[in-house]
Amino acid sequence: MVSMLVKPQASVRKRGTASTRKVASLQQAVARHKLVAIVEALGHNVAAALLQVDRSQLTRVIKGSENASADLQRRAVEADYVLSRLLQVMYPDEIAEWLTSPEPLLGDAIPVNVLRLHGPDRVVRAINGIAAGSFS
């Protein structure tokens, strides 16, 4: 019996590879944009702690001399989401302190630690509580 499988043409493979490179390049650009915004809002030290990266690595990624890993890209998206919500509730100069101080709505846990360990959901619920005027 003759196999009915046909090898893809070389041009198809190249087009797919170019498309994959373009997507990866766009992902890196989006990650850099988010990282710049996070650093501008929180400062380099708090941003590095929040993102669980070394300050120098954060600088290299922002400058484009190093690519952001998939994990760093995910953490940047989560941090950007939390930061966007915080900016709706607090003044920018209050955010870094809130992220690094015990929060009663999180059982006195530090929001940056909760974000790192559990993701953004619990932190956003606490922010929503603050917005609604909740006190514990």
# chains A, B, ... in the order shown; residues from 1 in each chain; ligands from 1
>>> closest_atom_pairs(of="stretch 14-61 of chain A", to="stretch 78-88 of chain A", cutoff="10 Å", atoms="only C-alpha atoms", output="Markdown table")
| residue | atom | partner | partner_atom | distance |
| --- | --- | --- | --- | --- |
| A:Ala31 | CA | A:Asp80 | CA | 9.9 |
| A:Lys34 | CA | A:Asp80 | CA | 6.4 |
| A:Leu35 | CA | A:Asp80 | CA | 8.2 |
| A:Ala37 | CA | A:Asp80 | CA | 7.9 |
| A:Ile38 | CA | A:Asp80 | CA | 6.7 |
| A:Ala41 | CA | A:Leu83 | CA | 8.2 |
| A:Leu42 | CA | A:Leu83 | CA | 9.1 |
| A:Ala47 | CA | A:Ala79 | CA | 8.8 |
| A:Leu50 | CA | A:Ala79 | CA | 7.5 |
| A:Leu51 | CA | A:Ala79 | CA | 7.5 |
>>> residues_around(residues="A:His33", least_positions_apart="5", cutoff="12 Å", atoms="only C-alpha atoms", output="CSV table (one decimal) with N, CA and C atoms, in the first residue's frame")
chain,number,residue,atom,x,y,z
A,26,LEU,N,6.6,40.1,18.8
A,26,LEU,CA,5.5,40.9,19.4
A,26,LEU,C,5.3,40.6,20.9
A,27,GLN,N,5.5,39.4,21.3
A,27,GLN,CA,5.3,39.1,22.7
A,27,GLN,C,6.4,39.8,23.5
A,28,GLN,N,7.6,39.8,23.0
A,28,GLN,CA,8.7,40.5,23.7
A,28,GLN,C,8.5,42.0,23.8
A,38,ILE,N,5.6,49.1,34.7
A,38,ILE,CA,5.6,48.6,36.1
A,38,ILE,C,6.8,49.3,36.8
A,39,VAL,N,7.9,49.4,36.2
A,39,VAL,CA,9.1,50.1,36.8
A,39,VAL,C,8.8,51.6,37.0
A,40,GLU,N,8.2,52.2,36.0
A,40,GLU,CA,7.9,53.6,36.2
A,40,GLU,C,6.9,53.9,37.4
A,61,VAL,N,16.2,43.2,30.1
A,61,VAL,CA,15.0,42.9,29.3
A,61,VAL,C,14.4,44.2,28.8
A,62,ILE,N,14.3,45.2,29.6
A,62,ILE,CA,13.7,46.4,29.2
A,62,ILE,C,14.5,47.1,28.1
A,63,LYS,N,15.8,47.0,28.2
A,63,LYS,CA,16.7,47.6,27.1
A,63,LYS,C,16.7,46.7,25.8
A,64,GLY,N,16.2,45.5,25.9
A,64,GLY,CA,16.1,44.6,24.8
A,64,GLY,C,17.4,43.8,24.5
A,68,ALA,N,12.6,38.3,27.6
A,68,ALA,CA,11.8,37.9,28.7
A,68,ALA,C,11.4,36.5,28.6
A,73,GLN,N,7.1,37.0,31.3
A,73,GLN,CA,6.0,37.6,30.5
A,73,GLN,C,4.7,37.4,31.3
A,76,ALA,N,4.6,39.6,34.3
A,76,ALA,CA,4.4,41.0,33.9
A,76,ALA,C,3.0,41.3,33.6
A,77,VAL,N,2.3,40.4,32.9
A,77,VAL,CA,0.8,40.5,32.6
A,77,VAL,C,0.1,40.6,33.9
A,80,ASP,N,0.8,43.9,35.7
A,80,ASP,CA,0.2,45.0,35.0
A,80,ASP,C,-1.3,45.0,35.3
>>> closest_residue(among="A:Leu105, A:Arg32, A:Thr17, A:Val124", to="A:Glu66", atoms="only C-alpha atoms")
A:Arg32
>>> closest_residue(among="A:Arg21, A:Pro104, A:Arg55, A:Ala49", to="A:Ile130", atoms="only C-alpha atoms")
A:Pro104
>>> closest_residue(among="A:Pro102, A:Pro92, A:Gly119, A:Gly43", to="A:Arg75", atoms="only C-alpha atoms")
A:Gly119
>>> select_by_dssp(residues="chain A", states="helix (DSSP H, G or I)", output="ChimeraX atom specification")
/A:10-42,44-51,55-63,70-89,92-99,104-106,111-118,120-131
>>> write_last_selection(atoms="C-alpha atoms", output="compact mmCIF listing (two decimals), in the first residue's frame")
# COMPACT_ATOMS: atom_id res chain seq x y z
CA ALA A 10 9.60 24.17 2.03
CA SER A 11 7.87 27.53 1.49
CA VAL A 12 5.09 26.53 3.90
CA ARG A 13 7.59 25.63 6.59
CA LYS A 14 9.46 28.91 6.16
CA ARG A 15 6.28 30.93 6.30
CA GLY A 16 5.29 29.19 9.55
CA THR A 17 8.72 29.85 11.02
CA ALA A 18 8.61 33.52 10.07
CA SER A 19 5.15 33.80 11.59
CA THR A 20 6.36 32.16 14.79
CA ARG A 21 9.30 34.58 14.97
CA LYS A 22 6.95 37.52 14.44
CA VAL A 23 4.67 36.37 17.26
CA ALA A 24 7.64 35.90 19.58
CA SER A 25 8.93 39.36 18.67
CA LEU A 26 5.53 40.91 19.39
CA GLN A 27 5.34 39.07 22.72
CA GLN A 28 8.74 40.46 23.68
CA ALA A 29 7.68 43.99 22.71
CA VAL A 30 4.48 43.72 24.77
CA ALA A 31 6.42 42.35 27.74
CA ARG A 32 8.97 45.20 27.53
CA HIS A 33 6.15 47.76 27.36
CA LYS A 34 4.50 46.30 30.46
CA LEU A 35 7.81 46.07 32.32
CA VAL A 36 8.61 49.72 31.60
CA ALA A 37 5.20 50.76 32.94
CA ILE A 38 5.64 48.65 36.07
CA VAL A 39 9.10 50.08 36.77
CA GLU A 40 7.86 53.63 36.21
CA ALA A 41 4.96 53.11 38.62
CA LEU A 42 6.75 51.18 41.36
CA HIS A 44 13.10 49.42 40.05
CA ASN A 45 13.47 47.66 43.42
CA VAL A 46 9.78 46.99 44.06
CA ALA A 47 9.24 46.01 40.40
CA ALA A 48 12.11 43.52 40.53
CA ALA A 49 10.80 42.03 43.77
CA LEU A 50 7.27 41.83 42.41
CA LEU A 51 8.44 40.18 39.20
CA ARG A 55 17.36 44.21 38.97
CA SER A 56 20.07 43.80 36.34
CA GLN A 57 18.05 41.19 34.44
CA LEU A 58 15.03 43.48 34.51
CA THR A 59 17.17 46.27 33.06
CA ARG A 60 18.52 44.00 30.31
CA VAL A 61 15.02 42.87 29.32
CA ILE A 62 13.73 46.45 29.24
CA LYS A 63 16.69 47.56 27.10
CA ALA A 70 7.61 33.02 29.20
CA ASP A 71 7.37 33.01 33.00
CA LEU A 72 8.48 36.64 33.25
CA GLN A 73 6.00 37.57 30.53
CA ARG A 74 3.21 35.93 32.55
CA ARG A 75 4.29 37.70 35.75
CA ALA A 76 4.42 41.02 33.88
CA VAL A 77 0.85 40.53 32.64
CA GLU A 78 -0.34 39.69 36.17
CA ALA A 79 1.51 42.64 37.71
CA ASP A 80 0.18 44.97 35.02
CA TYR A 81 -3.36 43.78 35.76
CA VAL A 82 -2.94 44.42 39.50
CA LEU A 83 -1.26 47.76 38.87
CA SER A 84 -4.07 48.86 36.54
CA ARG A 85 -6.64 48.04 39.21
CA LEU A 86 -4.59 49.79 41.92
CA LEU A 87 -4.39 52.95 39.83
CA GLN A 88 -8.19 53.07 39.84
CA VAL A 89 -8.26 53.00 43.65
CA PRO A 92 0.43 56.33 42.24
CA ASP A 93 2.69 57.31 45.15
CA GLU A 94 0.70 55.01 47.50
CA ILE A 95 0.95 51.84 45.42
CA ALA A 96 4.52 50.70 46.15
CA GLU A 97 3.99 51.07 49.89
CA TRP A 98 0.67 49.20 49.77
CA LEU A 99 2.20 46.35 47.78
CA PRO A 104 -5.65 43.33 56.67
CA LEU A 105 -7.85 42.24 53.75
CA LEU A 106 -5.21 39.62 52.96
CA PRO A 111 0.31 41.89 48.71
CA VAL A 112 3.48 41.42 46.64
CA ASN A 113 4.03 38.05 48.34
CA VAL A 114 0.42 36.99 47.80
CA LEU A 115 0.72 37.95 44.13
CA ARG A 116 3.90 35.92 43.75
CA LEU A 117 2.53 32.85 45.55
CA HIS A 118 -1.10 32.81 44.46
CA PRO A 120 -3.53 38.19 41.05
CA ASP A 121 -7.00 37.02 42.12
CA ARG A 122 -6.65 37.42 45.90
CA VAL A 123 -4.84 40.72 45.54
CA VAL A 124 -7.50 42.10 43.19
CA ARG A 125 -10.23 40.99 45.63
CA ALA A 126 -8.44 42.97 48.37
CA ILE A 127 -8.19 45.99 46.06
CA ASN A 128 -11.90 45.65 45.32
CA GLY A 129 -12.54 45.56 49.07
CA ILE A 130 -10.59 48.77 49.51
CA ALA A 131 -12.54 50.36 46.67
